[in-house]
Amino acid sequence: MTILNESGVPDVLSPLAAARSLPARLPGALVMIVGTRTEAYLAQTLSAALSPDAARDPLHYMILDTDKPPEQGQMASRVIETCAGVSNLRIVFLISGRSAEMMSVDVRFEARVAARRLELPVMVLDPDPDPRSRSCLSTSLEDRALAALVEVCRESAPDRKPASVPASKRGGFLGGFLGRDRAPDSGVRRSPVVLLGTSRGAAVDLSADLRRVGVEVSGSVPAIEPSSGSVAGEMPPIGEGTVVAPLDPHLTAACRTAEGRGAKVVRTLSPIGVDGTARFIQDVAAAVGISVSEMGRAREAWESLDPLRNRIRGKRVFLAGDTGFELALARFLADAGALVIEVGTPRLERRAMSSDLHSLGAGVDVVESPDGWGQIGRIDAARPDVVICSQGLYIPLVSRGHLCRTSLDLRRIGIHGYEGARRVLDLLVQTFERAEALDALDL
Amino acid sequence: MRLLRGIYEGPGSHGILRVVASMHDVWAVLRALPSEGYFQALHGAWTRSGEPAPVSVSPVWEKSAGSREPGDVDRDLAAVVRRHPRTEAVVLARSEAALLAGEPTPVVTLPENETGRSPELVTCEWERVGMGEAEASDLALADIVRAHARPAEKSATPTVNVFGPPVFGPGAEAEYDEVERMLSLLGIEVNARVPLGASAAHLRRLPRAWANVLLYRETGDAATLYLQDKFGTPRVTTPMIGAASTGAVLRSIGELCGLDQGKARRAVWSELATTAKLPWYARLQPPETFRGRRVAIFGDFTYTLGLGYALAREVGLEVGACGTYLTHLERDFLFHASTFTDEAFVADDPERVADRLKNSEPDLLIGTYFEEEIADSLGIPFLPFCPPVLRHPFVQQPLMGYRGSSLLADALEDALRRPKQERSEEENAPPTGLPWTDEALDDLEEIPAFLRGRTRRLAEERARAVRSGEVTRKILESSRD
């Protein structure tokens, strides 16, 4: 494996494109973009253009004026007024980046004022990358949103003895499930495990897998089944003694926040692909003192994937990279028999991704900060069988005769867990089949 | 500080990129934060042309000393020419964050391109935070034209330049095609289409044309004014929507190109007989189809006014409201719109626009993609004829010219097919007619003023839906869920 830093400008969709999906994923959330016309336009137009089926615009926009910066407290008042028009509100996100800062508007202060008066969490999400890591991922905003949710979680459970809480009083789907599943004689106090991830399906699947091996999952951030109560109430407590298991390697801000609270973050493979999922389950179990072997389950999973693997074997894959999950996906595809030509990643967080990096095959090139134009040239030269790329490269690459899927397609199907592994292979097989059918046409 | 539920126009940098992405041999460098990359994705999704947009990003980030990585604006501008040696002009667009960072305008000599010349550098120094897309596209096009246009002899036979909408405009390419088709009937050639499809060579020869036809004032106004002042090229500015306006434009062009009046008249007659169906539709339909029917139009400048004229004069609909979001063109818009409606307005807040349009009690709504929801809630037909639009079909249809007039006729026929429904007594009640209980009114008072109109409307709709004679606190609550 070679890691090359190309120091280019990767084609990464603005993280603001994800703003519109926040209220849908977090019921009871009000999302307001605070900044310039640019930020409002990107948040509004990108998701409308790229996923026209998305819900009608649920966002609010506060456009700041350079000539007349708002007086202190004025923005908080407008946020409060807006909230008054919305019922069942449980959390407010103000998406505000560098522009507001450069206009000398202290959005965090305004958020604190509004939070105090609304008695609701009002969290500021910065879509811009942290100046140290510079390059951003299209998933950065989701990472920041999760970090904000972790901040909102209670630090510790009022009562750590779960057996004393009747199952009927525990909120949501997980509560009921856990109440039923718990062996009455399990007197050992183990650290509760919290799953951290943007995909609800992934959290459901993996908590079921973890429960199967006897790991107590106290919940996930965001909550799997939001109730109508407060956001903090339905999410598990995160603090000292909690074991946090991130489902995606790019959730760096969220993991940092959890660590800041004293929680232990499990650094292992991401639960993407068969071996990744198996290692994830084993390592999370190990983190709470349970020794399990997922070898058998993994073998079964691989066997069931055999027909699909036969179609993937030897296929040459190029991952251009914009979301941060490409390394883990490349690792899985290589294990499944594909030849990974290049894995691009706009940002390489070595600490968070070290396990995924180490398990990549020897012949794989990892390119950090790849240059979008340079990648088009390399793809033209290498002629891979399939390219997994960002939205911006998709159409230009298709027009050059390459078979492409976007990272958004993969995120839509859900790539986590054993079932996710099947869906990934299935998606690629279907892509190949369709291409073959189209190529066979005599036009 | 303004609180909005949506914005009609993108930022200035987006307008500049739209103009550049419309052209050949011109490249834009967008100076922006790494989190502001979007244009390739949007361009791909909306044009589906397969060609990457000629736009690269120069990221605003901290650079380590001596590093040669991107982020140095001078070097990034020069890199464009090295990477794309056919480039004949490089345009610098700055996102609002980049403008706020207060960088000086770069002074840089670009390396030579493959023709051995240094490309023109257009730095768009007038860009400022808060500027809208349309105004910036107008100024950017004028700057690009200024950088290229060279004095030239007029062409031997009459030719005109067509200044139309930039890329992403609804049916933009079809509009140019339609105008070119009509001009060919007059025996007039198109010297250049600007900005869509224009190359540097086209831009250099702009002054050869006998006249400039300004189809889309939002983007071509400043450029055609420059050509008029500098090279004396006259311009025709009437929006070419509807058969009457199209005829007027063709006659003006004929006059400017020295054609004999009979030729223009014959061309117009032949088109009216074969292609232009709007006047025929207006004659075929019984007058009752249009009598007392109100249309509300909202959008940009050209399409909104063009449709307003055509529907009011040629079709005979009553224009109950007509508005634009282009605040920088407010005076001109109100002047023109007042010729066919008493209810002209300028507003860029979708909530206010919704109130104005709903209050006009229209039977038909024509607007941008934002207004579709309003038509749905009123249960009236909607035509998405004004930009911005979200649908960008493979087959583009013109709305301008004679073919466009026929498309308009078809759309109107579909929309107005059902006879005007006499509203039932219940529906006939004025929108604010339902009584409110004191408690509900108290609750309404707590809702911020800018959301109150919408809340009131929803609550009253809800009350009617549940057949309640008044709006109670409970109904108000349930309407807000």
# chains A, B, ... in the order shown; residues from 1 in each chain; ligands from 1
>>> interface_residues(of="chain A", to="chain B", cutoff="6 Å", atoms="only C-alpha atoms", output="PyMOL selection string")
chain A and resi 7+13-14+37-38+41+60-65+81+84-85+99+128+391-392+395-396+399
>>> write_last_selection(atoms="C-alpha atoms", output="mmCIF file, in the first residue's frame")
data_model
loop_
_atom_site.group_PDB
_atom_site.id
_atom_site.type_symbol
_atom_site.label_atom_id
_atom_site.label_comp_id
_atom_site.auth_asym_id
_atom_site.auth_seq_id
_atom_site.Cartn_x
_atom_site.Cartn_y
_atom_site.Cartn_z
ATOM 1 C CA SER A 7 -2.266 18.159 -2.439
ATOM 2 C CA LEU A 13 -19.836 18.272 -2.698
ATOM 3 C CA SER A 14 -20.406 21.016 -0.168
ATOM 4 C CA ARG A 37 -26.544 34.110 0.455
ATOM 5 C CA THR A 38 -23.956 31.581 -0.740
ATOM 6 C CA TYR A 41 -28.196 28.889 -1.770
ATOM 7 C CA HIS A 60 -34.918 28.531 7.563
ATOM 8 C CA TYR A 61 -32.349 31.000 6.339
ATOM 9 C CA MET A 62 -30.941 33.936 8.228
ATOM 10 C CA ILE A 63 -29.016 36.060 5.779
ATOM 11 C CA LEU A 64 -26.594 38.433 7.441
ATOM 12 C CA ASP A 65 -25.897 41.876 6.130
ATOM 13 C CA GLU A 81 -39.593 34.008 17.302
ATOM 14 C CA ALA A 84 -42.589 30.016 18.410
ATOM 15 C CA GLY A 85 -44.113 29.162 15.055
ATOM 16 C CA SER A 99 -18.687 33.762 6.933
ATOM 17 C CA ASP A 128 -16.397 24.501 7.223
ATOM 18 C CA GLN A 391 -21.605 13.850 -7.827
ATOM 19 C CA GLY A 392 -19.372 16.327 -9.635
ATOM 20 C CA ILE A 395 -21.510 12.741 -15.452
ATOM 21 C CA PRO A 396 -18.120 13.715 -16.915
ATOM 22 C CA SER A 399 -19.601 10.579 -20.745
#
>>> select_by_dssp(residues="segment 144-235 of chain B", states="helix (DSSP H, G or I)", output="number ranges by chain")
B: 144-148, 172-186, 200-204, 206-208, 217-231
>>> write_last_selection(atoms="C-alpha atoms", output="PDB file, in the first residue's frame")
ATOM      1  CA  ILE B 144     -15.871  39.496 -20.697  1.00  0.00           C
ATOM      2  CA  VAL B 145     -17.282  41.222 -23.781  1.00  0.00           C
ATOM      3  CA  ARG B 146     -15.252  44.346 -23.025  1.00  0.00           C
ATOM      4  CA  ALA B 147     -12.091  42.272 -22.785  1.00  0.00           C
ATOM      5  CA  HIS B 148     -12.618  40.698 -26.189  1.00  0.00           C
ATOM      6  CA  ALA B 172     -32.062  28.287 -22.851  1.00  0.00           C
ATOM      7  CA  GLU B 173     -30.651  26.580 -25.902  1.00  0.00           C
ATOM      8  CA  ALA B 174     -34.078  26.211 -27.485  1.00  0.00           C
ATOM      9  CA  GLU B 175     -34.646  29.958 -27.122  1.00  0.00           C
ATOM     10  CA  TYR B 176     -31.514  30.761 -29.129  1.00  0.00           C
ATOM     11  CA  ASP B 177     -32.448  28.148 -31.736  1.00  0.00           C
ATOM     12  CA  GLU B 178     -35.913  29.583 -32.160  1.00  0.00           C
ATOM     13  CA  VAL B 179     -34.622  33.122 -32.587  1.00  0.00           C
ATOM     14  CA  GLU B 180     -32.025  31.947 -35.065  1.00  0.00           C
ATOM     15  CA  ARG B 181     -34.717  30.089 -37.015  1.00  0.00           C
ATOM     16  CA  MET B 182     -36.894  33.188 -37.213  1.00  0.00           C
ATOM     17  CA  LEU B 183     -33.977  35.397 -38.226  1.00  0.00           C
ATOM     18  CA  SER B 184     -33.137  33.016 -41.014  1.00  0.00           C
ATOM     19  CA  LEU B 185     -36.642  33.595 -42.391  1.00  0.00           C
ATOM     20  CA  LEU B 186     -35.711  37.254 -42.706  1.00  0.00           C
ATOM     21  CA  ALA B 200     -13.563  33.881 -27.677  1.00  0.00           C
ATOM     22  CA  ALA B 201     -13.603  34.200 -31.463  1.00  0.00           C
ATOM     23  CA  HIS B 202     -17.328  34.957 -31.362  1.00  0.00           C
ATOM     24  CA  LEU B 203     -16.759  37.566 -28.688  1.00  0.00           C
ATOM     25  CA  ARG B 204     -14.027  39.270 -30.676  1.00  0.00           C
ATOM     26  CA  LEU B 206     -19.309  40.989 -31.841  1.00  0.00           C
ATOM     27  CA  PRO B 207     -18.910  44.507 -33.310  1.00  0.00           C
ATOM     28  CA  ARG B 208     -19.403  43.120 -36.857  1.00  0.00           C
ATOM     29  CA  ARG B 217     -32.038  41.375 -20.160  1.00  0.00           C
ATOM     30  CA  GLU B 218     -30.951  39.942 -16.805  1.00  0.00           C
ATOM     31  CA  THR B 219     -27.678  38.764 -18.316  1.00  0.00           C
ATOM     32  CA  GLY B 220     -27.129  40.833 -21.444  1.00  0.00           C
ATOM     33  CA  ASP B 221     -28.145  44.370 -20.542  1.00  0.00           C
ATOM     34  CA  ALA B 222     -24.756  45.818 -19.610  1.00  0.00           C
ATOM     35  CA  ALA B 223     -22.933  44.036 -22.432  1.00  0.00           C
ATOM     36  CA  THR B 224     -25.313  45.298 -25.124  1.00  0.00           C
ATOM     37  CA  LEU B 225     -25.218  48.799 -23.674  1.00  0.00           C
ATOM     38  CA  TYR B 226     -21.430  48.682 -23.866  1.00  0.00           C
ATOM     39  CA  LEU B 227     -21.564  47.564 -27.496  1.00  0.00           C
ATOM     40  CA  GLN B 228     -24.040  50.342 -28.243  1.00  0.00           C
ATOM     41  CA  ASP B 229     -21.882  53.012 -26.611  1.00  0.00           C
ATOM     42  CA  LYS B 230     -18.540  51.802 -27.888  1.00  0.00           C
ATOM     43  CA  PHE B 231     -19.360  50.482 -31.350  1.00  0.00           C
TER      44      PHE B 231
END
>>> residues_around(residues="Glu419 of chain A", least_positions_apart="5", cutoff="12 Å", atoms="only C-alpha atoms", output="list in words")
Gly201, Ala202, Val204, Asp205, Leu206, Asp209, Pro271, Ile272, Gly273, Val274, Thr277, Ala298, Ala301, Trp302, Ser304, Leu305, Ile413, Gly414, Val424, Leu425 and Asp426 of chain A
>>> residues_around(residues="Ile379 of chain A", least_positions_apart="6", cutoff="9 Å", atoms="only C-alpha atoms", output="mmCIF file with C-alpha atoms, in the first residue's frame")
data_model
loop_
_atom_site.group_PDB
_atom_site.id
_atom_site.type_symbol
_atom_site.label_atom_id
_atom_site.label_comp_id
_atom_site.auth_asym_id
_atom_site.auth_seq_id
_atom_site.Cartn_x
_atom_site.Cartn_y
_atom_site.Cartn_z
ATOM 1 C CA PHE A 318 -11.469 3.042 -8.605
ATOM 2 C CA VAL A 387 -15.680 4.027 -10.507
ATOM 3 C CA LEU A 397 -16.860 10.188 -16.200
ATOM 4 C CA HIS A 402 -16.698 4.766 -17.562
#
>>> atom_distance(atom1="atom CA of Arg403 of chain B", atom2="atom CA of Gly164 of chain B")
16.3 Å
>>> residues_around(residues="segment 216-223 of chain A", least_positions_apart="5", cutoff="10 Å", atoms="only C-alpha atoms", output="PyMOL selection string")
chain A and resi 25-26+145-147+149-150+153+162+172-175+178+181-182+190-200+203-204+206-208+210-211+231-238+242-246+254+285+288
>>> atom_distance(atom1="atom CA of Asn161 of chain B", atom2="atom CA of Met23 of chain B")
14.7 Å
>>> atom_distance(atom1="atom CA of Lys264 of chain A", atom2="atom CA of Glu151 of chain A")
14.9 Å
>>> closest_residue(among="A:Pro58, A:Gly214, A:Gly420, A:Gly28", to="Gly289 of chain A", atoms="only C-alpha atoms")
A:Gly214
>>> residues_around(residues="Tyr309 of chain B", least_positions_apart="2", cutoff="9 Å", atoms="only C-alpha atoms", output="ChimeraX atom specification")
/B:241-242,245,304-307,311-314,337,339-340
>>> closest_residue(among="B:Lys263, B:Arg331, B:Arg294, B:His336", to="Glu318 of chain B", atoms="only C-alpha atoms")
B:Arg294
>>> residues_around(residues="Glu461 of chain B", least_positions_apart="3", cutoff="10 Å", atoms="only C-alpha atoms", output="compact mmCIF listing (two decimals) with C-alpha atoms, in the first residue's frame")
# COMPACT_ATOMS: atom_id res chain seq x y z
CA SER B 377 -52.64 24.70 -1.83
CA GLU B 427 -64.93 28.70 -0.53
CA PRO B 431 -59.62 34.15 3.27
CA LEU B 434 -63.63 32.92 9.64
CA THR B 455 -50.27 30.32 10.17
CA ARG B 456 -53.57 32.18 9.86
CA ARG B 457 -54.14 30.74 6.43
CA LEU B 458 -53.34 27.19 7.48
CA ARG B 464 -62.90 24.65 6.95
CA ALA B 465 -61.61 21.13 6.48
CA VAL B 466 -63.05 20.04 9.82
CA ARG B 467 -66.19 22.07 9.13
CA VAL B 471 -60.89 28.89 14.51
CA ILE B 475 -57.63 23.93 15.47
CA SER B 479 -52.90 23.09 11.88
>>> select_by_dssp(residues="segment 205-335 of chain A", states="strand (DSSP E or B)", output="PyMOL selection string")
chain A and resi 217-221+243-246+264-265+272+316-319
